[in-house]
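Enquirer: File entry_34.tsv below, TSV, C-alpha atoms:
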```
chain	number	residue	atom	x	y	z
X	1370	MET	CA	168.89	-173.92	4.07
X	1371	ARG	CA	166.53	-173.37	6.99
X	1372	VAL	CA	165.86	-176.29	9.28
X	1373	SER	CA	163.45	-174.60	11.68
X	1374	VAL	CA	161.81	-171.23	11.09
X	1375	LEU	CA	160.88	-171.01	14.79
X	1376	ALA	CA	164.48	-171.70	15.87
X	1377	ASP	CA	165.76	-168.93	13.58
X	1378	CYS	CA	163.14	-166.53	14.95
X	1379	LEU	CA	164.01	-167.19	18.60
X	1380	THR	CA	167.75	-166.98	17.88
X	1381	ASN	CA	167.23	-163.58	16.22
X	1382	ILE	CA	165.23	-162.39	19.24
X	1383	VAL	CA	167.88	-163.51	21.76
X	1384	ASN	CA	170.71	-161.97	19.71
X	1385	ALA	CA	168.87	-158.64	19.36
X	1386	GLU	CA	168.09	-158.71	23.09
X	1387	LYS	CA	171.78	-159.29	23.95
X	1388	ARG	CA	172.80	-156.37	21.71
X	1389	GLY	CA	170.29	-154.13	23.50
X	1390	LYS	CA	168.07	-153.52	20.47
X	1391	ARG	CA	164.56	-152.16	20.99
X	1392	GLN	CA	163.02	-153.98	18.01
X	1393	VAL	CA	163.81	-156.88	15.72
X	1394	LEU	CA	162.58	-157.91	12.25
X	1395	ILE	CA	161.72	-161.59	11.81
X	1396	ARG	CA	161.27	-163.28	8.47
X	1397	PRO	CA	159.76	-165.58	7.33
X	1398	SER	CA	156.59	-165.58	9.39
X	1399	SER	CA	154.42	-168.56	10.30
X	1400	LYS	CA	151.32	-169.31	12.36
X	1401	VAL	CA	153.41	-171.21	14.93
X	1402	ILE	CA	155.73	-168.20	15.39
X	1403	VAL	CA	152.76	-165.86	15.86
X	1404	ARG	CA	151.19	-168.13	18.51
X	1405	PHE	CA	154.58	-168.54	20.28
X	1406	LEU	CA	155.03	-164.76	20.33
X	1407	THR	CA	151.50	-164.32	21.66
X	1408	VAL	CA	152.34	-166.54	24.65
X	1409	MET	CA	155.58	-164.59	25.22
X	1410	GLN	CA	153.64	-161.32	25.03
X	1411	LYS	CA	151.02	-162.57	27.48
X	1412	HIS	CA	153.75	-163.18	30.09
X	1413	GLY	CA	155.45	-159.84	29.43
X	1414	TYR	CA	158.65	-161.08	27.74
X	1415	ILE	CA	158.05	-158.89	24.68
X	1416	ASN	CA	155.94	-155.81	24.01
X	1417	GLU	CA	153.69	-155.72	20.95
X	1418	PHE	CA	154.49	-157.27	17.59
X	1419	GLU	CA	153.17	-156.46	14.13
X	1420	GLU	CA	152.78	-158.76	11.16
X	1421	ILE	CA	153.72	-157.28	7.79
X	1422	ASP	CA	152.18	-158.98	4.76
X	1423	ASP	CA	154.61	-158.64	1.85
X	1424	HIS	CA	152.71	-161.15	-0.38
X	1425	ARG	CA	155.54	-163.66	0.19
X	1426	SER	CA	156.28	-165.43	3.44
X	1427	GLY	CA	155.56	-162.38	5.61
X	1428	LYS	CA	157.55	-160.47	8.21
X	1429	ILE	CA	157.08	-159.66	11.88
X	1430	VAL	CA	158.41	-156.60	13.71
X	1431	ILE	CA	158.77	-157.27	17.45
X	1432	GLN	CA	159.18	-154.54	20.08
X	1433	LEU	CA	161.56	-155.84	22.77
X	1434	ASN	CA	161.51	-154.82	26.44
X	1435	GLY	CA	164.73	-156.40	27.72
X	1436	ARG	CA	163.17	-159.15	29.84
X	1437	ILE	CA	164.33	-162.20	27.85
X	1438	ASN	CA	167.39	-163.98	29.20
X	1439	LYS	CA	167.07	-166.99	26.90
X	1440	CYS	CA	164.51	-168.60	24.67
X	1441	GLY	CA	164.84	-171.53	22.35
X	1442	VAL	CA	163.21	-174.49	20.67
X	1443	VAL	CA	163.33	-178.13	21.66
X	1444	SER	CA	164.04	-180.27	18.65
X	1445	PRO	CA	162.70	-182.87	18.01
X	1446	ARG	CA	159.28	-181.93	19.37
X	1447	PHE	CA	159.05	-184.47	22.18
X	1448	ASN	CA	155.70	-185.78	23.36
X	1449	VAL	CA	155.07	-184.54	26.89
X	1450	GLN	CA	152.55	-186.15	29.23
X	1451	LEU	CA	151.18	-184.22	32.21
X	1452	PRO	CA	153.38	-185.96	34.84
X	1453	GLN	CA	156.50	-185.37	32.70
X	1454	ILE	CA	156.11	-181.58	32.59
X	1455	GLU	CA	157.94	-181.30	35.93
X	1456	GLN	CA	160.96	-183.23	34.59
X	1457	TRP	CA	161.18	-181.03	31.49
X	1458	MET	CA	160.95	-177.92	33.66
X	1459	ALA	CA	163.91	-179.15	35.72
X	1460	GLN	CA	165.92	-179.81	32.54
X	1461	LEU	CA	165.20	-176.61	30.62
X	1462	LEU	CA	164.36	-173.83	33.10
X	1463	PRO	CA	166.75	-172.24	35.62
X	1464	SER	CA	164.39	-172.58	38.62
X	1465	ARG	CA	160.85	-173.58	39.47
X	1466	SER	CA	159.36	-170.09	39.52
X	1467	VAL	CA	161.22	-168.67	36.50
X	1468	GLY	CA	160.24	-169.13	32.86
X	1469	TYR	CA	157.75	-171.13	30.83
X	1470	LEU	CA	157.72	-174.24	28.69
X	1471	ILE	CA	155.62	-173.73	25.58
X	1472	LEU	CA	153.64	-176.71	24.35
X	1473	THR	CA	151.54	-177.34	21.29
X	1474	THR	CA	148.41	-179.20	22.31
X	1475	SER	CA	145.07	-180.15	20.83
X	1476	ALA	CA	143.72	-177.00	22.52
X	1477	GLY	CA	146.32	-174.76	20.85
X	1478	ILE	CA	149.78	-173.42	21.69
X	1479	MET	CA	150.09	-172.54	25.39
X	1480	ASP	CA	152.48	-172.45	28.33
X	1481	HIS	CA	152.87	-175.38	30.74
X	1482	GLU	CA	150.78	-173.77	33.50
X	1483	GLU	CA	147.78	-173.26	31.22
X	1484	ALA	CA	148.19	-176.83	29.92
X	1485	ARG	CA	148.06	-178.11	33.50
X	1486	ARG	CA	144.94	-176.06	34.25
X	1487	LYS	CA	143.19	-177.31	31.11
X	1488	HIS	CA	144.54	-180.84	31.76
X	1489	VAL	CA	145.94	-181.29	28.25
X	1490	ALA	CA	149.34	-182.55	27.15
X	1491	GLY	CA	151.08	-182.38	23.81
X	1492	LYS	CA	154.39	-181.75	22.15
X	1493	LEU	CA	157.14	-179.54	23.55
X	1494	LEU	CA	157.86	-176.55	21.27
X	1495	GLY	CA	160.29	-174.50	23.30
X	1496	PHE	CA	161.02	-172.47	26.41
X	1497	VAL	CA	161.46	-168.86	27.46
X	1498	TYR	CA	162.91	-167.27	30.61
```
Transcribe the structure of this file into structure tokens.
Expert:
Amino acid sequence: MRVSVLADCLTNIVNAEKRGKRQVLIRPSSKVIVRFLTVMQKHGYINEFEEIDDHRSGKIVIQLNGRINKCGVVSPRFNVQLPQIEQWMAQLLPSRSVGYLILTTSAGIMDHEEARRKHVAGKLLGFVY
């Protein structure tokens, strides 16, 4: 029984990265996973990824580049206000300049720096560094 599709996806990515794989197959797919991967791709943690529509839940093939040390979800999805972002960074990330918190906001799924720029808060999805 799957509890969190996103958690399974990120665990698969970290495990493949530790084994030195160049690509990893993720299933099932979801819109949240695709947006999360887009943020990771924007910051250079993964290369490109491709969605495969198999007329079921879908699959994603991700090309890895060896830059991920750890990524994971935060469960439950805590509400994060703008002043609290700093506290969550201290808890989850190894240092101030390394890694990103990924939030789901009313303006979409984005990293904590973009959320600060747009001055929106939301729920904490996960982290990557």
Enquirer: Work out how far atom CA of X:Ile1478 is from atom CA of X:Arg1404, in Å to one decimal.
Expert: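 The value is 6.3 Å.
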Enquirer: Identify which of the residues X:Asn1434, X:Ser1426, X:Gln1410, X:Ser1444 lies closest to X:Lys1390, counting all atoms listed in the file when measuring atom-to-atom distances.
Expert: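 Closest to X:Lys1390, using all atoms listed in the file: X:Asn1434.
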Enquirer: Give me, please, the distance in Å between atom CA of X:Leu1406 and atom CA of X:Phe1418, quoted to one decimal.
Expert: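 Value for the atom CA of X:Leu1406-atom CA of X:Phe1418 distance: 8.0 Å.
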Enquirer: For X:Ile1382, which residue out of X:Arg1485, X:Gln1456, X:Leu1394, X:Tyr1498 is the nearest one, using all atoms listed in the file?
Expert: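 For X:Ile1382, the nearest of the given residues is X:Leu1394.
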Enquirer: From the set X:Thr1473, X:Gln1453, X:Gln1460, X:Asn1438, which residue has the shortest atom-to-atom contact distance to X:Ala1385, counting only C-alpha atoms?
Expert: X:Asn1438
